[in-house]
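So this block is final06.cif, mmCIF, C-alpha atoms:
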data_my_file
loop_
_atom_site.label_atom_id
_atom_site.label_comp_id
_atom_site.auth_asym_id
_atom_site.auth_seq_id
_atom_site.Cartn_x
_atom_site.Cartn_y
_atom_site.Cartn_z
CA MET E 1 145.57 79.27 245.46
CA LYS E 2 147.38 82.56 246.01
CA ILE E 3 145.33 85.41 244.58
CA GLY E 4 147.18 88.44 243.26
CA ILE E 5 146.79 91.48 241.10
CA ARG E 6 148.64 93.40 238.43
CA LEU E 7 150.56 96.00 240.38
CA HIS E 8 149.90 98.65 237.72
CA ASP E 9 146.14 98.23 238.30
CA MET E 10 146.48 99.52 241.86
CA ARG E 11 146.01 103.16 242.84
CA ASN E 12 148.70 105.57 241.72
CA LEU E 13 150.83 105.54 244.87
CA PRO E 14 154.54 105.45 245.66
CA PHE E 15 155.91 101.94 245.18
CA VAL E 16 156.08 100.85 248.84
CA ASP E 17 152.66 102.37 249.55
CA LYS E 18 151.31 100.43 246.60
CA LEU E 19 152.56 97.20 248.18
CA ASP E 20 150.94 98.16 251.47
CA GLU E 21 147.68 98.57 249.55
CA VAL E 22 148.17 95.08 248.06
CA ASN E 23 148.33 93.72 251.59
CA ARG E 24 145.36 95.76 252.81
CA GLN E 25 143.24 94.45 249.94
CA GLY E 26 144.07 90.85 250.82
CA PHE E 27 146.28 89.92 247.85
CA THR E 28 149.36 87.76 248.35
CA CYS E 29 151.14 88.07 244.99
CA VAL E 30 151.53 90.49 242.10
CA HIS E 31 152.20 90.67 238.39
CA LEU E 32 155.08 93.14 238.04
CA ALA E 33 155.61 95.16 234.86
CA LEU E 34 158.64 97.28 235.72
CA SER E 35 158.06 100.02 233.14
CA LYS E 36 154.43 100.47 234.24
CA VAL E 37 155.07 100.56 237.99
CA LEU E 38 158.55 101.99 238.52
CA LYS E 39 158.28 104.61 235.81
CA ASP E 40 161.09 106.81 237.12
CA ILE E 41 163.63 103.98 236.89
CA PRO E 42 164.81 102.72 233.48
CA SER E 43 163.86 99.16 232.62
CA ASP E 44 166.01 98.53 229.55
CA ALA E 45 168.38 95.57 229.57
CA GLN E 46 171.40 97.47 230.95
CA ALA E 47 169.34 98.84 233.85
CA LEU E 48 168.28 95.43 235.18
CA THR E 49 171.30 94.98 237.43
CA PRO E 50 171.72 92.43 240.22
CA GLY E 51 171.64 95.27 242.72
CA TYR E 52 168.27 96.48 241.45
CA ALA E 53 166.83 92.97 241.60
CA MET E 54 168.08 92.41 245.14
CA HIS E 55 166.78 95.82 246.23
CA LEU E 56 163.28 94.91 245.04
CA ARG E 57 163.53 91.41 246.45
CA ARG E 58 164.16 92.75 249.95
CA ILE E 59 161.12 95.03 249.67
CA PHE E 60 158.81 92.27 248.45
CA GLU E 61 160.07 89.87 251.12
CA ASP E 62 159.54 92.50 253.81
CA LYS E 63 155.95 92.93 252.65
CA ARG E 64 155.49 89.13 252.34
CA ILE E 65 154.32 89.46 248.73
CA ASP E 66 155.29 87.02 245.96
CA VAL E 67 156.23 88.30 242.51
CA ALA E 68 154.16 85.81 240.53
CA VAL E 69 155.05 87.16 237.09
CA LEU E 70 157.73 89.51 235.84
CA GLY E 71 156.14 90.82 232.68
CA CYS E 72 158.16 91.07 229.49
CA TYR E 73 155.36 91.37 226.96
CA LEU E 74 157.29 91.92 223.76
CA ASN E 75 156.95 90.59 220.21
CA PRO E 76 159.13 87.47 219.81
CA ALA E 77 158.16 87.24 216.13
CA ASN E 78 159.26 90.73 215.10
CA PRO E 79 160.66 90.35 211.54
CA ASN E 80 163.07 93.28 211.88
CA PRO E 81 166.46 91.70 212.77
CA GLU E 82 167.74 94.74 214.66
CA LYS E 83 164.55 95.12 216.71
CA LEU E 84 164.46 91.38 217.34
CA ARG E 85 167.99 91.50 218.78
CA GLY E 86 166.84 94.17 221.22
CA ILE E 87 163.81 92.07 222.15
CA MET E 88 166.00 89.03 222.76
CA ASP E 89 168.29 91.13 224.96
CA GLN E 90 165.28 92.27 226.98
CA TYR E 91 164.05 88.71 227.46
CA LYS E 92 167.45 87.59 228.68
CA ALA E 93 167.81 90.57 230.99
CA HIS E 94 164.38 89.88 232.50
CA ILE E 95 165.34 86.23 232.98
CA ARG E 96 168.52 87.21 234.83
CA PHE E 97 166.57 89.74 236.86
CA ALA E 98 163.88 87.20 237.76
CA SER E 99 166.47 84.73 238.99
CA LEU E 100 167.70 87.26 241.56
CA LEU E 101 164.29 88.72 242.32
CA GLY E 102 162.90 85.33 243.36
CA CYS E 103 160.13 85.64 240.79
CA GLY E 104 157.79 82.82 239.75
CA VAL E 105 157.98 83.24 235.97
CA VAL E 106 158.91 85.67 233.24
CA GLY E 107 155.70 86.10 231.28
CA THR E 108 155.17 86.96 227.64
CA GLU E 109 152.63 86.71 224.86
CA THR E 110 153.48 85.29 221.44
CA GLY E 111 153.25 88.30 219.18
CA ALA E 112 152.61 88.77 215.49
CA PRO E 113 154.88 88.46 212.44
CA ASN E 114 155.04 92.21 211.87
CA GLU E 115 156.80 95.18 213.44
CA GLU E 116 153.56 96.82 214.56
CA TYR E 117 152.52 93.88 216.76
CA LYS E 118 149.08 93.87 215.18
CA SER E 119 146.75 90.99 214.47
CA GLU E 120 146.59 89.93 210.84
CA PRO E 121 145.83 86.71 208.90
CA ALA E 122 149.56 85.88 208.83
CA CYS E 123 149.42 85.34 212.60
CA TYR E 124 147.58 82.09 211.99
CA SER E 125 150.02 80.70 209.43
CA GLU E 126 152.44 77.81 209.91
CA GLN E 127 155.26 80.15 208.90
CA ALA E 128 154.49 82.44 211.85
CA LEU E 129 154.40 79.48 214.20
CA GLU E 130 157.75 78.21 212.94
CA LEU E 131 159.27 81.69 213.32
CA LEU E 132 158.01 81.93 216.89
CA ILE E 133 159.43 78.53 217.82
CA LYS E 134 162.77 79.39 216.22
CA ASN E 135 163.00 82.67 218.15
CA LEU E 136 161.85 81.21 221.46
CA ARG E 137 164.40 78.38 221.50
CA PRO E 138 167.45 80.45 222.51
CA VAL E 139 165.39 82.34 225.10
CA VAL E 140 164.23 79.10 226.67
CA GLU E 141 167.79 77.74 226.62
CA TYR E 142 168.88 80.88 228.46
CA ALA E 143 166.06 80.40 230.97
CA GLU E 144 167.24 76.83 231.57
CA LYS E 145 170.74 78.05 232.41
CA ALA E 146 169.33 80.64 234.81
CA GLY E 147 166.88 78.24 236.43
CA VAL E 148 163.93 80.45 235.44
CA ILE E 149 160.56 79.58 233.88
CA LEU E 150 159.49 81.43 230.74
CA ALA E 151 155.71 81.25 230.44
CA ILE E 152 153.84 82.05 227.23
CA GLU E 153 150.27 83.30 227.26
CA PRO E 154 147.97 82.15 224.43
CA VAL E 155 145.84 84.98 223.04
CA LYS E 156 143.18 84.60 220.37
CA LYS E 157 144.62 87.32 218.11
CA HIS E 158 148.29 86.33 218.40
CA ILE E 159 150.40 83.57 216.86
CA VAL E 160 149.53 81.15 219.65
CA TYR E 161 145.78 81.63 219.41
CA ASP E 162 144.43 78.46 220.99
CA ALA E 163 145.35 75.56 223.24
CA ALA E 164 146.35 73.21 220.40
CA ARG E 165 148.74 75.81 218.99
CA ALA E 166 150.26 76.32 222.46
CA ARG E 167 150.68 72.57 222.88
CA SER E 168 152.58 72.42 219.59
CA VAL E 169 155.04 75.07 220.82
CA LEU E 170 155.59 73.27 224.11
CA ASP E 171 156.16 69.95 222.34
CA ALA E 172 158.49 71.43 219.72
CA ILE E 173 160.77 73.14 222.26
CA ASP E 174 160.37 70.36 224.83
CA SER E 175 161.73 72.10 227.91
CA PRO E 176 160.47 72.12 231.50
CA ASN E 177 161.44 75.79 231.59
CA LEU E 178 158.82 76.71 229.00
CA GLN E 179 155.36 76.73 230.55
CA ILE E 180 151.96 78.41 230.22
CA ILE E 181 150.12 81.38 231.66
CA LEU E 182 146.50 80.38 231.21
CA ASP E 183 144.02 83.22 230.75
CA PRO E 184 140.74 81.64 229.60
CA VAL E 185 139.21 84.92 228.43
CA ASN E 186 142.16 85.46 226.10
CA LEU E 187 141.09 82.33 224.23
CA LEU E 188 137.69 83.84 223.46
CA ASP E 189 136.43 86.28 220.86
CA GLU E 190 133.16 87.43 219.33
CA GLU E 191 132.84 84.26 217.29
CA ASN E 192 133.48 81.55 219.90
CA TYR E 193 132.52 82.90 223.34
CA GLU E 194 129.28 80.93 223.38
CA ASN E 195 131.47 77.80 223.38
CA GLN E 196 133.53 79.00 226.34
CA ARG E 197 133.01 75.87 228.42
CA GLU E 198 134.38 73.56 225.72
CA ILE E 199 137.28 75.94 225.00
CA VAL E 200 138.33 76.13 228.65
CA GLU E 201 138.03 72.38 229.12
CA GLU E 202 140.16 71.78 226.01
CA ALA E 203 142.82 74.19 227.32
CA ILE E 204 142.92 72.38 230.64
CA ASP E 205 143.12 69.01 228.91
CA LEU E 206 145.92 69.99 226.52
CA LEU E 207 147.92 72.40 228.67
CA GLY E 208 147.04 71.63 232.27
CA ARG E 209 150.26 69.89 233.24
CA ASP E 210 152.30 72.88 232.03
CA VAL E 211 150.22 75.70 233.51
CA ALA E 212 152.42 77.74 235.88
CA VAL E 213 150.22 80.79 236.46
CA ILE E 214 146.58 81.67 235.87
CA HIS E 215 145.25 85.07 234.88
CA ILE E 216 141.61 85.71 235.70
CA LYS E 217 139.29 88.30 234.29
CA ASP E 218 135.75 88.38 232.93
CA TYR E 219 134.16 89.64 229.74
CA LEU E 220 131.12 91.46 228.44
CA VAL E 221 129.73 91.52 224.91
CA LYS E 222 128.79 95.03 223.83
CA ASN E 223 127.64 95.89 220.31
CA GLY E 224 128.99 92.57 219.12
CA LYS E 225 132.44 93.17 220.62
CA LEU E 226 134.00 91.18 223.45
CA THR E 227 135.29 93.51 226.17
CA PRO E 228 137.44 92.39 229.14
CA ALA E 229 136.11 93.18 232.61
CA ALA E 230 136.83 92.47 236.28
CA ALA E 231 136.05 88.97 237.56
CA GLY E 232 132.42 88.53 238.55
CA THR E 233 131.09 91.38 236.42
CA GLY E 234 130.48 89.56 233.14
CA LYS E 235 129.60 86.31 231.40
CA MET E 236 132.57 84.08 232.25
CA ASP E 237 131.88 80.58 233.59
CA TYR E 238 134.70 79.68 235.99
CA THR E 239 133.42 76.20 236.93
CA ALA E 240 136.01 74.09 235.11
CA LEU E 241 138.83 76.48 235.97
CA MET E 242 138.13 76.44 239.70
CA LYS E 243 137.89 72.65 239.72
CA PHE E 244 141.23 72.48 237.87
CA ILE E 245 142.92 74.84 240.33
CA LYS E 246 141.55 73.14 243.41
CA GLU E 247 142.30 69.57 242.32
CA ARG E 248 145.55 69.94 240.39
CA LYS E 249 147.36 73.22 241.15
CA PRO E 250 148.09 73.70 244.87
CA TYR E 251 149.13 77.24 245.84
CA ILE E 252 149.25 78.37 242.22
CA HIS E 253 149.56 82.10 241.61
CA VAL E 254 146.25 83.43 240.27
CA THR E 255 146.45 87.09 239.29
CA LEU E 256 143.43 89.24 238.51
CA GLU E 257 143.31 91.44 235.44
CA ASN E 258 141.13 94.35 234.31
CA THR E 259 140.29 95.38 237.83
CA LEU E 260 139.92 98.93 239.08
CA PRO E 261 140.88 100.13 242.56
CA LEU E 262 137.18 100.25 243.45
CA ASN E 263 136.34 96.66 242.42
CA ALA E 264 139.56 94.73 243.02
CA VAL E 265 138.57 93.41 246.45
CA GLN E 266 135.12 92.45 245.18
CA ALA E 267 136.73 90.52 242.30
CA ARG E 268 139.11 88.74 244.68
CA GLU E 269 136.27 87.78 247.03
CA HIS E 270 134.22 86.49 244.09
CA ILE E 271 136.99 84.19 242.90
CA GLN E 272 137.78 82.98 246.41
CA LYS E 273 134.10 82.13 246.94
CA LEU E 274 134.00 80.13 243.71
CA TRP E 275 137.14 78.23 244.73
CA ASN E 276 135.69 77.52 248.18
CA GLU E 277 132.55 76.11 246.58
CA ALA E 278 134.32 74.07 243.88
#
Represent the structure of the file as structure tokens.
Amino acid sequence: MKIGIRLHDMRNLPFVDKLDEVNRQGFTCVHLALSKVLKDIPSDAQALTPGYAMHLRRIFEDKRIDVAVLGCYLNPANPNPEKLRGIMDQYKAHIRFASLLGCGVVGTETGAPNEEYKSEPACYSEQALELLIKNLRPVVEYAEKAGVILAIEPVKKHIVYDAARARSVLDAIDSPNLQIILDPVNLLDEENYENQREIVEEAIDLLGRDVAVIHIKDYLVKNGKLTPAAAGTGKMDYTALMKFIKERKPYIHVTLENTLPLNAVQAREHIQKLWNEA
């Protein structure tokens, strides 16, 4: 596997220095959120020009770092037609940009059927699922034309809240350009974390063939609330995930989340050790 990190979790350094730090810490790929890393450069649809993509591509290639994920974490179920048009434009611009950047996937979550992007009971309805599928179809068709993978990330509090729901989206759209970012902790909450092994195994069983990228973090339970944490600092059991990666996903991009500059290397070494022992 190729272990990476979210670039915006690195120390606050100039962009090229940040990439040098990625190399020094032993990471080989990154999750790139343009607006969080290159804050002085606009990242709206009109700003994502071919020249900008090629400029970044040369820098990443020079540093020998893969862009595993180009993040475009918007709300594809926004019910406001005008805002939804802007969201669709952003998805398409990121897809074009990724094609020239040489990026693994454009990553997104699956949102909520409200303008505030907040969890509510309506997230779990069939109507919300149908709306998501309807809105994703043209984005996936655009990704097919550009030769880019759009990867959705199931999250417990969003419309795609479990592996079965994600499988239904994949089957409904039925495109090789729609795949999955698997983050096992995002499938957990305060009510189900004690069943984490079964939940992770189900996700691998239902989604494994379509997993393009893996996000890894850990979790703690404090005062009855599940809190994300850096890998190796919490209660997460990675046994099934490491076996899955080692046996079925050669050289997959595995990006760490919820790390701090002081514990990122420790988290990477922890995950590498588990993979070595799997």
On this structure, the PyMOL selection byres ((chain E and resi 166) around 12) would catch which residues? List them as a PyMOL selection string, sorted by chain and number. chain E and resi 109-110+129+132-133+151-156+158-165+167-174+178-182+187+202-204+206-208+210-211
Let me see the file: selected residues, C-alpha atoms, as a short mmCIF file (atom, residue, chain, number, x, y, z; two decimals), in the coordinates of the input.
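What landed in result16.cif:
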data_model
loop_
_atom_site.label_atom_id
_atom_site.label_comp_id
_atom_site.auth_asym_id
_atom_site.auth_seq_id
_atom_site.Cartn_x
_atom_site.Cartn_y
_atom_site.Cartn_z
CA GLU E 109 152.63 86.71 224.86
CA THR E 110 153.48 85.29 221.44
CA LEU E 129 154.40 79.48 214.20
CA LEU E 132 158.01 81.93 216.89
CA ILE E 133 159.43 78.53 217.82
CA ALA E 151 155.71 81.25 230.44
CA ILE E 152 153.84 82.05 227.23
CA GLU E 153 150.27 83.30 227.26
CA PRO E 154 147.97 82.15 224.43
CA VAL E 155 145.84 84.98 223.04
CA LYS E 156 143.18 84.60 220.37
CA HIS E 158 148.29 86.33 218.40
CA ILE E 159 150.40 83.57 216.86
CA VAL E 160 149.53 81.15 219.65
CA TYR E 161 145.78 81.63 219.41
CA ASP E 162 144.43 78.46 220.99
CA ALA E 163 145.35 75.56 223.24
CA ALA E 164 146.35 73.21 220.40
CA ARG E 165 148.74 75.81 218.99
CA ARG E 167 150.68 72.57 222.88
CA SER E 168 152.58 72.42 219.59
CA VAL E 169 155.04 75.07 220.82
CA LEU E 170 155.59 73.27 224.11
CA ASP E 171 156.16 69.95 222.34
CA ALA E 172 158.49 71.43 219.72
CA ILE E 173 160.77 73.14 222.26
CA ASP E 174 160.37 70.36 224.83
CA LEU E 178 158.82 76.71 229.00
CA GLN E 179 155.36 76.73 230.55
CA ILE E 180 151.96 78.41 230.22
CA ILE E 181 150.12 81.38 231.66
CA LEU E 182 146.50 80.38 231.21
CA LEU E 187 141.09 82.33 224.23
CA GLU E 202 140.16 71.78 226.01
CA ALA E 203 142.82 74.19 227.32
CA ILE E 204 142.92 72.38 230.64
CA LEU E 206 145.92 69.99 226.52
CA LEU E 207 147.92 72.40 228.67
CA GLY E 208 147.04 71.63 232.27
CA ASP E 210 152.30 72.88 232.03
CA VAL E 211 150.22 75.70 233.51
#
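Here CA of Asn23 (chain E) is placed at a distance of 26.3 Å from CA of Phe244 (chain E).
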Atomic distance CA of Glu269 (chain E) - CA of Glu201 (chain E), expressed in Å with one decimal: 23.7 Å
Gly26 (chain E) environment, 9 Å, only C-alpha atoms, sequence neighbours closer than 3 positions dropped, as a PyMOL selection string: chain E and resi 3-4+21-23+265+268
Fewer than 6 positions away in the same chain doesn't count, so skip those; otherwise give me all residues within 9 Å of region 73-78 of chain E, counting only C-alpha atoms, as a list of chain:residue names.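 Contacts, in chain order: E:Ala33, E:Leu84, E:Ile87, E:Met88, E:Gln90, E:Tyr91, E:Gly107, E:Thr108, E:Glu109, E:Thr110, E:Gly111, E:Ala112, E:Pro113, E:Asn114, E:Glu115, E:Glu116, E:Tyr117, E:Ala128, E:Leu129, E:Leu131, E:Leu132, E:Ile133, E:Asn135, E:Leu136, E:Ile159.
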Would you kindly return, as a list in words, each protein, DNA or RNA residue with an atom no farther than 12 Å from any atom of Gln266 (chain E), considering all atoms listed in the file and excluding same-chain residues fewer than 5 positions away?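 The filter keeps Gln25, Gly26, Phe27, Ala230, Ala231, Gly232, Thr233, Leu256, Thr259, Leu260, Pro261, Ile271, Gln272 and Lys273 of chain E.
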Long-range neighbours of His8 (chain E) as a list in words, 12 Å cut-off, all atoms listed in the file, 5 positions minimum in chain: Leu13, Pro14, Phe15, Lys18, Leu19, Val22, Val30, His31, Leu32, Ala33, Leu34, Ser35, Lys36, Val37, Leu38, Lys39, Gly71, Leu256, Glu257, Asn258, Thr259, Leu260 and Pro261 of chain E
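If you look at CA of Ile149 (chain E) and CA of Asn186 (chain E), they are 20.8 Å away from each other.
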Compare E:Lys157, E:Lys225, E:Lys249, E:Arg209 by their minimum atom-to-atom distance to Glu190 (chain E), counting all atoms listed in the file, and give me the closest one.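 Nearest to Glu190 (chain E): E:Lys225.
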For Ala68 (chain E), list every protein, DNA or RNA residue within 7 Å, evaluated using all atoms listed in the file, and leave out those in the same chain fewer than 6 positions away; present the list as a count of residues only. 7
Fill-in result for region 245-258 of chain E, N, CA, C and O atoms as a CSV table (one decimal), in the coordinates of the input:
chain,number,residue,atom,x,y,z
E,245,ILE,N,142.0,74.2,239.3
E,245,ILE,CA,142.9,74.8,240.3
E,245,ILE,C,142.9,74.0,241.6
E,245,ILE,O,143.9,73.7,242.2
E,246,LYS,N,141.7,73.8,242.1
E,246,LYS,CA,141.6,73.1,243.4
E,246,LYS,C,142.1,71.7,243.4
E,246,LYS,O,142.7,71.3,244.4
E,247,GLU,N,141.9,71.0,242.3
E,247,GLU,CA,142.3,69.6,242.3
E,247,GLU,C,143.7,69.3,241.9
E,247,GLU,O,144.4,68.4,242.3
E,248,ARG,N,144.3,70.3,241.0
E,248,ARG,CA,145.6,69.9,240.4
E,248,ARG,C,146.7,71.0,240.6
E,248,ARG,O,147.8,70.7,240.3
E,249,LYS,N,146.4,72.2,241.1
E,249,LYS,CA,147.4,73.2,241.2
E,249,LYS,C,147.5,73.9,242.5
E,249,LYS,O,147.1,75.0,242.8
E,250,PRO,N,148.0,73.1,243.5
E,250,PRO,CA,148.1,73.7,244.9
E,250,PRO,C,149.0,75.0,244.9
E,250,PRO,O,150.0,75.0,244.4
E,251,TYR,N,148.4,76.0,245.6
E,251,TYR,CA,149.1,77.2,245.8
E,251,TYR,C,149.6,78.0,244.6
E,251,TYR,O,150.5,78.8,244.6
E,252,ILE,N,148.9,77.7,243.5
E,252,ILE,CA,149.2,78.4,242.2
E,252,ILE,C,149.0,79.9,242.3
E,252,ILE,O,148.0,80.3,243.0
E,253,HIS,N,149.8,80.7,241.7
E,253,HIS,CA,149.6,82.1,241.6
E,253,HIS,C,148.4,82.4,240.6
E,253,HIS,O,148.5,81.9,239.5
E,254,VAL,N,147.4,83.1,241.1
E,254,VAL,CA,146.2,83.4,240.3
E,254,VAL,C,146.1,84.9,240.3
E,254,VAL,O,145.8,85.5,241.4
E,255,THR,N,146.5,85.6,239.3
E,255,THR,CA,146.4,87.1,239.3
E,255,THR,C,145.3,87.6,238.5
E,255,THR,O,145.0,87.2,237.4
E,256,LEU,N,144.6,88.6,239.1
E,256,LEU,CA,143.4,89.2,238.5
E,256,LEU,C,143.9,90.3,237.5
E,256,LEU,O,144.9,91.0,237.7
E,257,GLU,N,143.1,90.4,236.4
E,257,GLU,CA,143.3,91.4,235.4
E,257,GLU,C,142.0,92.3,235.2
E,257,GLU,O,140.9,91.9,235.6
E,258,ASN,N,142.2,93.5,234.7
E,258,ASN,CA,141.1,94.4,234.3
E,258,ASN,C,140.3,94.8,235.5
E,258,ASN,O,139.1,95.0,235.4
